[in-house]
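Visitor: Sharing a structure, written as structure tokens. Questions coming.
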Amino acid sequence: MTLPATVAELVRDFRANGRIVIVGASLAGLRAAEALRDEGFTGSLTIIGDEPHEPYDRPPLSKQVLKGWVPADHTQLPRLRAVDAQWRLGVAATGLDRATRQVRLADGEHIPYDRLLIATGTRARQWPNPTEAALEGVYTLRSRDDAARLQQALAARPSRVLIIGAGFIGSEMASVCRELDIPVTVAERGSAPLVGALGGVIGKIAAEMQRDHGVDLRCGVGVSSLEGDASGHVRRARLSDGTTIEADVVVASLGSIRNVEWLEGSGLAAGFWGIGCDAGGRAFDINGVVTDTVYVAGDVARQPHVLYEYQFLAMEHWDNAVLGAEVAAHNMVNLDPDYYPYLLLPSFWSGQFGVNIKSVGVPPFGDEIVFTQGSVKERRFAAAYGRRGRIVAAVTFNNGKWLEHYARLIEQSAPFPPPPPGWDQPEDMNPMPAEFPAPGVPTAIPDVVLTGHDPSERRAEFRPRRR
Amino acid sequence: MQIVVDLNRCQAYAQCVFLAPEDFRLSGDEALTYEPNPDDARRLQIQRAAAACPVQAIVIDRLDGAERSVTS
Ligand SMILES: Cc1cc2nc3c(=O)[nH]c(=O)nc-3n(C[C@H](O)[C@H](O)[C@H](O)COP(=O)(O)OP(=O)(O)OC[C@H]3O[C@@H](n4cnc5c(N)ncnc54)[C@H](O)[C@@H]3O)c2cc1C
Ligand code: SF4
């Protein structure tokens with residue numbers, strides 16, 4: 001047989017008889033399973049998830065669910081097709097043995113695979129003091145069950161809610177509190193809400209927006225401790241500036257932690273920012289060698305991006321989970337030269353205080369910003385981020401229709417500042433510093449992070465050269 | 001029935017809001033929110049809304065109840 005014929009035969013055989021295991025039964029896991037079947041994979045498929053629920057959608061949790069409009073258990077994801085899989089829900093994967101190609105489960109079982117997809121996402125960072133975190137009335141928000149509990153607490157009309165951390169999710173929760181007419185304080189260590197993700201210029205607008213809606217916003221302060229009453233319910237928070245805040249619901253919105261602990265000892269390039277993989281979703285091992293059997297998708301993946309100097313991008317975005325899953329699934333059932341590259345322009349939306357915030361590209365990659373359309377005063381505008389004379393990202397407030405236009409410019413690395421549109425021009429069209437916090441300044445961690453050029457966070461061990 | 005709206009894609013044209021006001025709402029000028037689990041009685045409305053969405057952002061479950069159980 002010719003080589004191409006042999007490869008084609010291998011692919012056909014794998015698609016018919018291979019065993020694929022997916023760990024993580026959420027957005028990326030489900031969409032990957034569906035894509036595998038779409039790609040013609042008819043072998044055995046096992047989906048392992050530690051949550052007891054079928055895959056559900058998280059973005060509504062901090063929005064319509066918290067508001068009480070939509071019950072938390074209404075958020076199951078629609079299915080695009082039948083996946084004909086063995087579902088192992090409510091049981092965590094606790095280990096990976098790459099030598100024998102087995103996933104170890106918490107109940108002691110071992111599940112063999114030929115190809116593995118890791119889609120274990122992230123979890124909420126808990127309030128660091130465990131005693132204080134255990135007080136009644138202290139919450140985090142990541143899962144459907146978290147959302148149900150927090151929604152109940154809000155429905156009981158607390159006298160004040162304290163939200164620690166003003167990233168996207170913290171800000172959305174503050175917005176919901178105000179819509180429900182519940183007094184809310186937001187404490188943010190950085191200089192403004194959303195400053196890590198969108199910089200200080202936009203952060204200032206976000207801060208005004210919060211205050212206009214009656215949020216008691218405190219920036220540049222940390223929460224030093226939480227205090228409870230005799231019955232163990234949280235009542236008070238002490239801030240780093242010496243003030244105290246009386247609150248009976250406290251939500252720690254401190255960003256997330258990648259679920260990689262179960263990969264300890266597997267030899268994969270797993271670390272703080274997730275699992276390093278190539279642009280096709282194939283996982284790297286700790287020495288920077290790409291594996292042929294292990295793939296990564298979604299929030300837990302970090303992969304090099306052509307538009308951002310091939311730095312490894314870690315993205316906690318909905319569309320990154322969907323597209324990453326589709327690319328990984330395709331590559332799991334194909335061989336070179338039929339691999340797909342993952343070429344997604346990061347994009348994101350957030351609804352808060354009646355404003356639709358959208359962004360494309362990687363704003364923190366830029367160091368300058370320019371308002372290009374609309375009116376900041378009316379909170380309806382577009383702004384572009386630039387670096388070294390090229391456009392690298394854009395953000396819109398209630399001006400989402402224009403985002404596509406900026407996406408095209410970013411894809412072409414078009415000049416910055418971009419040519420002004422003929423109409424709807426903002427008053428000030430001069431580029432200015434975007435004011436991202438210097439690395440190391442404490443603030444809510446943004447949800448797109450450029451994590452450098454190293455595939456693995458562990459230093460390679462150099463083998464002595466043979467003589 | 002289960003639905004999801006790809007809000008990256010949605011451009012707040014609000015066709016869905018006119019066609020299925022119980023399940024789609026705009027918060028402010030442009031931020032769409034929706035009921036991900038509309039009552040089955042409103043299936044036709046939802047299908048019309050999905051068909052009318054100019055950017056095809058509304059994804060409707062393609063399985064019926066039996067098939068979507070976690071054994072399939
Ligand atoms: C409240 C909230 C609001 C959001 N809003 C937006 C938004 O407006 N726009 C946007 O673009 N994105 C938003 N996101 C982000 C978006 O939801 C995520 O990017 C997406 O869920 C990522 O999907 P995933 O499948 O990669 O990971 P996850 O959804 O985190 O799923 C991972 C799954 O794996 C499971 N798991 C972990 N470890 C193990 C193990 N060892 N064994 C078995 N299972 C395991 C987890 O329990 C989880 O079920 C929001 C997220 C939250 C929490
Ligand atoms: S019709 Fe489509 S684009 Fe318009 S608001 Fe509804 S989902 Fe968004």
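Quick note on naming: the chains in the structure tokens go A, B, ... in the order shown, residues restart at 1 in each chain, and ligands are numbered from 1 in order of appearance.
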Please determine the contact residues of chain B with respect to chain A at a cut-off of 12 Å, counting only C-alpha atoms, and supply them as a ChimeraX atom specification.
Guide: /B:1-13,22-39,55,58-72
Visitor: Pick out the residues no farther than 7 Å from ligand 1, counting only C-alpha atoms and all ligand atoms, and list them as a VMD selection string.
Guide: chain A and resid 23 to 29 48 to 51 57 to 62 91 to 94 119 to 123 141 to 143 169 259 262 297 to 300 316 to 321 347 to 351
Visitor: Once DSSP has gone over the backbone, tell me which residues of chain B are in alpha helix (DSSP H), as a VMD selection string.
Guide: chain B and resid 15 to 19 43 to 52 65 to 68
Visitor: Those same residues - N, CA, C and O atoms - I'd like them written as a compact mmCIF listing (two decimals), in the first residue's frame.
Guide:
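The new file result02.txt reads:
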```
# COMPACT_ATOMS: atom_id res chain seq x y z
N GLN B 15 -35.56 40.75 16.66
CA GLN B 15 -36.64 40.00 16.01
C GLN B 15 -37.22 38.97 16.97
O GLN B 15 -38.42 38.79 17.05
N CYS B 16 -36.35 38.29 17.71
CA CYS B 16 -36.81 37.26 18.63
C CYS B 16 -37.69 37.87 19.72
O CYS B 16 -38.66 37.25 20.16
N VAL B 17 -37.36 39.08 20.13
CA VAL B 17 -38.13 39.73 21.20
C VAL B 17 -39.56 40.01 20.72
O VAL B 17 -40.51 39.85 21.48
N PHE B 18 -39.71 40.37 19.45
CA PHE B 18 -41.05 40.61 18.92
C PHE B 18 -41.82 39.30 18.77
O PHE B 18 -43.00 39.23 19.06
N LEU B 19 -41.11 38.26 18.33
CA LEU B 19 -41.81 37.01 17.99
C LEU B 19 -42.08 36.13 19.21
O LEU B 19 -43.01 35.35 19.22
N ARG B 43 -43.16 26.18 21.47
CA ARG B 43 -42.16 25.69 20.52
C ARG B 43 -42.23 26.41 19.17
O ARG B 43 -41.21 26.82 18.61
N LEU B 44 -43.46 26.58 18.67
CA LEU B 44 -43.62 27.19 17.35
C LEU B 44 -43.08 28.62 17.33
O LEU B 44 -42.36 29.03 16.43
N GLN B 45 -43.43 29.33 18.40
CA GLN B 45 -42.94 30.72 18.53
C GLN B 45 -41.42 30.76 18.52
O GLN B 45 -40.81 31.60 17.87
N ILE B 46 -40.83 29.85 19.29
CA ILE B 46 -39.38 29.83 19.41
C ILE B 46 -38.74 29.48 18.06
O ILE B 46 -37.76 30.09 17.64
N GLN B 47 -39.35 28.51 17.38
CA GLN B 47 -38.81 28.14 16.07
C GLN B 47 -38.87 29.31 15.10
O GLN B 47 -37.94 29.54 14.33
N ARG B 48 -39.98 30.05 15.18
CA ARG B 48 -40.11 31.23 14.30
C ARG B 48 -39.05 32.26 14.65
O ARG B 48 -38.45 32.88 13.77
N ALA B 49 -38.84 32.45 15.96
CA ALA B 49 -37.83 33.43 16.39
C ALA B 49 -36.45 33.02 15.87
O ALA B 49 -35.70 33.84 15.34
N ALA B 50 -36.14 31.71 16.01
CA ALA B 50 -34.83 31.23 15.57
C ALA B 50 -34.67 31.42 14.06
O ALA B 50 -33.61 31.82 13.58
N ALA B 51 -35.75 31.15 13.32
CA ALA B 51 -35.68 31.28 11.87
C ALA B 51 -35.53 32.75 11.46
O ALA B 51 -34.88 33.06 10.47
N ALA B 52 -36.13 33.64 12.25
CA ALA B 52 -36.12 35.06 11.88
C ALA B 52 -34.84 35.76 12.29
O ALA B 52 -34.55 36.86 11.80
N GLY B 65 -36.91 14.54 24.14
CA GLY B 65 -36.64 14.16 25.52
C GLY B 65 -35.96 12.81 25.68
O GLY B 65 -34.95 12.71 26.39
N ALA B 66 -36.47 11.79 25.01
CA ALA B 66 -35.96 10.44 25.21
C ALA B 66 -34.48 10.37 24.84
O ALA B 66 -33.66 9.85 25.58
N GLU B 67 -34.16 10.95 23.68
CA GLU B 67 -32.80 10.85 23.17
C GLU B 67 -31.79 11.61 24.02
O GLU B 67 -30.62 11.29 24.03
N ARG B 68 -32.26 12.70 24.68
CA ARG B 68 -31.26 13.51 25.36
C ARG B 68 -30.90 12.98 26.74
O ARG B 68 -30.02 13.51 27.38
```
Visitor: Please indicate the distance in Å from CA of Asp181 (chain A) to CA of Gln126 (chain A), rounded to one decimal place.
Guide: 26.5 Å
Visitor: Can you measure CA of Lys377 (chain A) to CA of Gly200 (chain A) for me? One decimal in Å is fine.
Guide: 16.5 Å
Visitor: Given the choices A:Ala252, A:Ile111, A:Ala106, A:Phe272, which gets closest to Leu162 (chain A) if the distance is worked out from only C-alpha atoms?
Guide: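 So, comparing all the options, the nearest one is A:Ala252.
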Visitor: Run DSSP on the backbone and grab whatever in region 3-51 of chain B lands in strand (DSSP E or B); send it over as a ChimeraX atom specification.
Guide: /B:3-5,24-27,31-34
Visitor: Would you work out the distance separating CA of Asn331 (chain A) from CA of Val289 (chain A), expressed in Å to one decimal?
Guide: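 Rounded to one decimal, the two atoms are 17.1 Å apart.
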Visitor: Leaving out Gly95 (chain A) and any residue of its chain fewer than 6 positions from it, which residues lie within 10 Å of it when counting only C-alpha atoms, given as an MDAnalysis selection string?
Guide: chainID A and resid 102:106 110 261:266
Visitor: So that I can check the surroundings of Gly228 (chain A), please list as a ChimeraX atom specification every protein, DNA and RNA residue that reaches within 12 Å of it, counting only C-alpha atoms and ignoring chain neighbours fewer than 4 positions away.
Guide: /A:131-138,232-238,246-250
